[in-house]
$ cat entry-v3.cif   # mmCIF, C-alpha atoms
data_entry
loop_
_atom_site.label_atom_id
_atom_site.label_comp_id
_atom_site.auth_asym_id
_atom_site.auth_seq_id
_atom_site.Cartn_x
_atom_site.Cartn_y
_atom_site.Cartn_z
CA MET A 1 -12.56 -43.28 1.47
CA PRO A 2 -12.06 -40.29 3.81
CA LEU A 3 -9.30 -37.77 3.14
CA VAL A 4 -6.46 -38.15 5.65
CA LEU A 5 -4.07 -35.24 6.09
CA PRO A 6 -0.56 -35.81 7.43
CA MET A 7 0.29 -34.56 10.91
CA VAL A 8 2.23 -31.30 10.81
CA PRO A 9 3.98 -29.86 13.88
CA MET A 10 2.54 -26.61 15.25
CA GLY A 11 4.23 -23.59 13.71
CA ALA A 12 5.39 -25.50 10.63
CA ILE A 13 2.74 -23.96 8.40
CA MET A 14 2.75 -20.23 7.75
CA SER A 15 -0.52 -18.50 8.42
CA LEU A 16 -2.25 -16.68 5.60
CA ILE A 17 -1.30 -13.36 7.22
CA ASP A 18 2.37 -14.40 7.35
CA ILE A 19 2.24 -15.37 3.68
CA ALA A 20 0.62 -12.02 2.81
CA LYS A 21 3.39 -10.18 4.70
CA GLU A 22 6.04 -12.12 2.75
CA VAL A 23 4.28 -11.27 -0.52
CA ASN A 24 4.00 -7.56 0.42
CA SER A 25 7.71 -7.47 1.21
CA ALA A 26 8.61 -9.16 -2.09
CA VAL A 27 6.37 -6.77 -4.06
CA LEU A 28 8.07 -3.77 -2.44
CA ASP A 29 11.53 -5.24 -3.11
CA VAL A 30 10.81 -5.84 -6.80
CA PHE A 31 8.43 -3.03 -7.77
CA GLY A 32 9.04 -0.41 -5.09
CA GLU A 33 10.56 2.98 -5.82
CA ASP A 34 14.38 2.95 -5.78
CA PRO A 35 15.28 4.85 -2.59
CA VAL A 36 18.54 6.11 -4.12
CA SER A 37 17.13 7.67 -7.29
CA SER A 38 13.49 8.27 -6.40
CA SER A 39 12.61 8.41 -2.73
CA ILE A 40 9.08 8.81 -1.39
CA ILE A 41 8.91 11.50 1.27
CA LEU A 42 6.01 11.98 3.70
CA ASP A 43 5.92 15.62 4.79
CA ARG A 44 5.20 15.67 8.51
CA VAL A 45 5.49 18.12 11.37
CA GLY A 46 8.82 17.34 13.01
CA GLY A 47 10.50 16.53 9.71
CA PRO A 48 10.04 14.52 6.54
CA LEU A 49 9.94 10.72 6.65
CA GLU A 50 11.13 8.44 3.84
CA ILE A 51 8.81 5.51 3.15
CA ARG A 52 8.84 2.51 0.78
CA GLY A 53 6.06 1.97 -1.68
CA VAL A 54 4.96 0.97 -5.17
CA PHE A 55 3.73 3.99 -7.12
CA GLU A 56 1.18 3.78 -9.92
CA ALA A 57 0.58 7.01 -11.84
CA GLN A 58 -2.77 5.71 -13.18
CA ARG A 59 -4.49 3.08 -11.02
CA GLU A 60 -8.08 2.14 -11.85
CA VAL A 61 -10.34 3.14 -8.98
CA LEU A 62 -14.00 2.37 -8.40
CA ASP A 63 -16.01 4.96 -6.50
CA LEU A 64 -19.68 5.13 -5.66
CA GLY A 65 -21.60 7.94 -7.29
CA SER A 66 -24.25 9.93 -5.44
CA ASP A 67 -26.89 7.51 -6.75
CA GLY A 68 -24.92 4.47 -5.48
CA ALA A 69 -23.75 3.39 -8.93
CA GLU A 70 -20.10 2.42 -9.38
CA VAL A 71 -18.04 5.01 -11.24
CA ALA A 72 -14.71 3.91 -12.70
CA GLY A 73 -11.85 6.36 -12.89
CA TYR A 74 -8.10 6.63 -12.60
CA SER A 75 -6.03 8.04 -9.80
CA PRO A 76 -2.38 8.06 -8.81
CA ALA A 77 -1.88 5.55 -6.00
CA LEU A 78 0.83 4.25 -3.70
CA PHE A 79 0.93 0.73 -2.23
CA VAL A 80 2.58 0.54 1.21
CA ASP A 81 3.16 -2.20 3.79
CA LEU A 82 1.62 -0.86 7.02
CA ASP A 83 3.95 -3.00 9.17
CA GLN A 84 7.01 -1.23 7.71
CA LEU A 85 5.77 2.31 8.41
CA VAL A 86 6.66 4.30 11.50
CA VAL A 87 3.78 6.66 10.71
CA VAL A 88 0.77 5.70 8.58
CA PRO A 89 -0.13 8.46 6.13
CA GLU A 90 -3.54 10.00 6.83
CA ARG A 91 -6.08 11.65 4.54
CA GLY A 92 -4.70 15.11 3.68
CA ASP A 93 -1.03 14.23 4.22
CA VAL A 94 1.39 15.30 1.48
CA LEU A 95 3.84 12.91 -0.20
CA THR A 96 6.65 13.77 -2.60
CA ILE A 97 7.05 11.02 -5.21
CA ARG A 98 9.44 11.31 -8.17
CA GLY A 99 9.70 15.03 -7.48
CA ASP A 100 5.92 15.63 -7.63
CA ARG A 101 3.74 16.43 -4.62
CA TYR A 102 0.58 14.41 -3.96
CA ARG A 103 -2.06 14.67 -1.27
CA VAL A 104 -3.59 11.50 0.24
CA ARG A 105 -7.30 11.54 -0.59
CA ASP A 106 -8.20 8.07 0.73
CA ARG A 107 -6.75 4.89 2.20
CA ASN A 108 -7.78 1.38 1.15
CA PRO A 109 -6.25 -1.25 3.47
CA ASP A 110 -6.29 -4.77 2.02
CA GLY A 111 -6.83 -6.49 5.37
CA GLN A 112 -3.50 -8.33 5.11
CA GLY A 113 -1.08 -5.56 6.13
CA GLY A 114 -0.95 -3.73 2.80
CA CYS A 115 -2.69 -0.48 1.95
CA TRP A 116 -3.37 1.52 -1.22
CA LEU A 117 -3.12 5.27 -0.70
CA LEU A 118 -5.23 7.03 -3.31
CA LEU A 119 -3.65 10.34 -4.24
CA HIS A 120 -4.20 13.54 -6.18
CA LYS A 121 -1.71 16.18 -7.26
CA ALA A 122 -1.14 18.73 -4.53
#
$ encode --input "entry-v3.cif" --output "structure tokens"
Amino acid sequence: MPLVLPMVPMGAIMSLIDIAKEVNSAVLDVFGEDPVSSSIILDRVGGPLEIRGVFEAQREVLDLGSDGAEVAGYSPALFVDLDQLVVVPERGDVLTIRGDRYRVRDRNPDGQGGCWLLLHKA
């Protein structure tokens, strides 16, 4: 017997991108840095900008070695929701997180509106 799906009005089902945005927002609300006690500041010409993010002091990172083999390592990283940023941090930008300064060494967007900024101490 064929599978019959019920009729659903247009707009009644959230798209996968909408669901991912809701999840990103919830992750930032629960795990994000507390803006009162530990703000994240992006140092920019024209003045610093405060951004929301989830900081990991030691995130596992896979890089490709010169021979093409995967090399596992650890790096500080910051998860951000690109839709909530006025300015997207670029490679080389400096962030102040928990009083320490970090430089953005790479960006890894997840394709759903989130992005991991891979960092190193500045």
$ closest_residue --input "entry-v3.cif" --among "A:Ala122, A:Val94, A:Val27, A:Leu82" --to "Pro48 (chain A)" --atoms "only C-alpha atoms"
A:Val94
$ residues_around --input "entry-v3.cif" --residues "Arg91 (chain A)" --least-positions-apart "4" --cutoff "12 Å" --atoms "only C-alpha atoms" --output "VMD selection string"
chain A and resid 95 102 to 108 116 to 120
$ resolve_selection --input "entry-v3.cif" --expression "the PyMOL selection byres ((chain A and resi 31) around 12)" --output "list in words"
Val23, Asn24, Ser25, Ala26, Val27, Leu28, Asp29, Val30, Gly32, Glu33, Asp34, Pro35, Arg52, Gly53, Val54, Phe55, Glu56, Leu78, Phe79 and Val80 of chain A
$ residues_around --input "entry-v3.cif" --residues "Ala57 (chain A)" --least-positions-apart "3" --cutoff "8 Å" --atoms "only C-alpha atoms" --output "ChimeraX atom specification"
/A:75-77
$ write_last_selection --input "entry-v3.cif" --atoms "C-alpha atoms" --output "mmCIF file, in the coordinates of the input"
data_model
loop_
_atom_site.group_PDB
_atom_site.id
_atom_site.type_symbol
_atom_site.label_atom_id
_atom_site.label_comp_id
_atom_site.auth_asym_id
_atom_site.auth_seq_id
_atom_site.Cartn_x
_atom_site.Cartn_y
_atom_site.Cartn_z
ATOM 1 C CA SER A 75 -6.030 8.040 -9.800
ATOM 2 C CA PRO A 76 -2.380 8.060 -8.810
ATOM 3 C CA ALA A 77 -1.880 5.550 -6.000
#
$ atom_distance --input "entry-v3.cif" --atom1 "CA of Asp100 (chain A)" --atom2 "CA of Gly47 (chain A)"
18.0 Å
$ resolve_selection --input "entry-v3.cif" --expression "the PyMOL selection byres ((chain A and resi 83) around 9)" --output "PyMOL selection string"
chain A and resi 21+80-82+84-86+113-114
$ write_last_selection --input "entry-v3.cif" --atoms "C-alpha atoms" --output "JSON list (two decimals), in the coordinates of the input"
[["chain", "number", "residue", "atom", "x", "y", "z"],
["A", 21, "LYS", "CA", 3.39, -10.18, 4.70],
["A", 80, "VAL", "CA", 2.58, 0.54, 1.21],
["A", 81, "ASP", "CA", 3.16, -2.20, 3.79],
["A", 82, "LEU", "CA", 1.62, -0.86, 7.02],
["A", 84, "GLN", "CA", 7.01, -1.23, 7.71],
["A", 85, "LEU", "CA", 5.77, 2.31, 8.41],
["A", 86, "VAL", "CA", 6.66, 4.30, 11.50],
["A", 113, "GLY", "CA", -1.08, -5.56, 6.13],
["A", 114, "GLY", "CA", -0.95, -3.73, 2.80]]
$ atom_distance --input "entry-v3.cif" --atom1 "CA of Ile51 (chain A)" --atom2 "CA of Ser39 (chain A)"
7.6 Å
$ closest_residue --input "entry-v3.cif" --among "A:Ile40, A:Ala20, A:Cys115, A:Val61" --to "Val88 (chain A)" --atoms "only C-alpha atoms"
A:Cys115
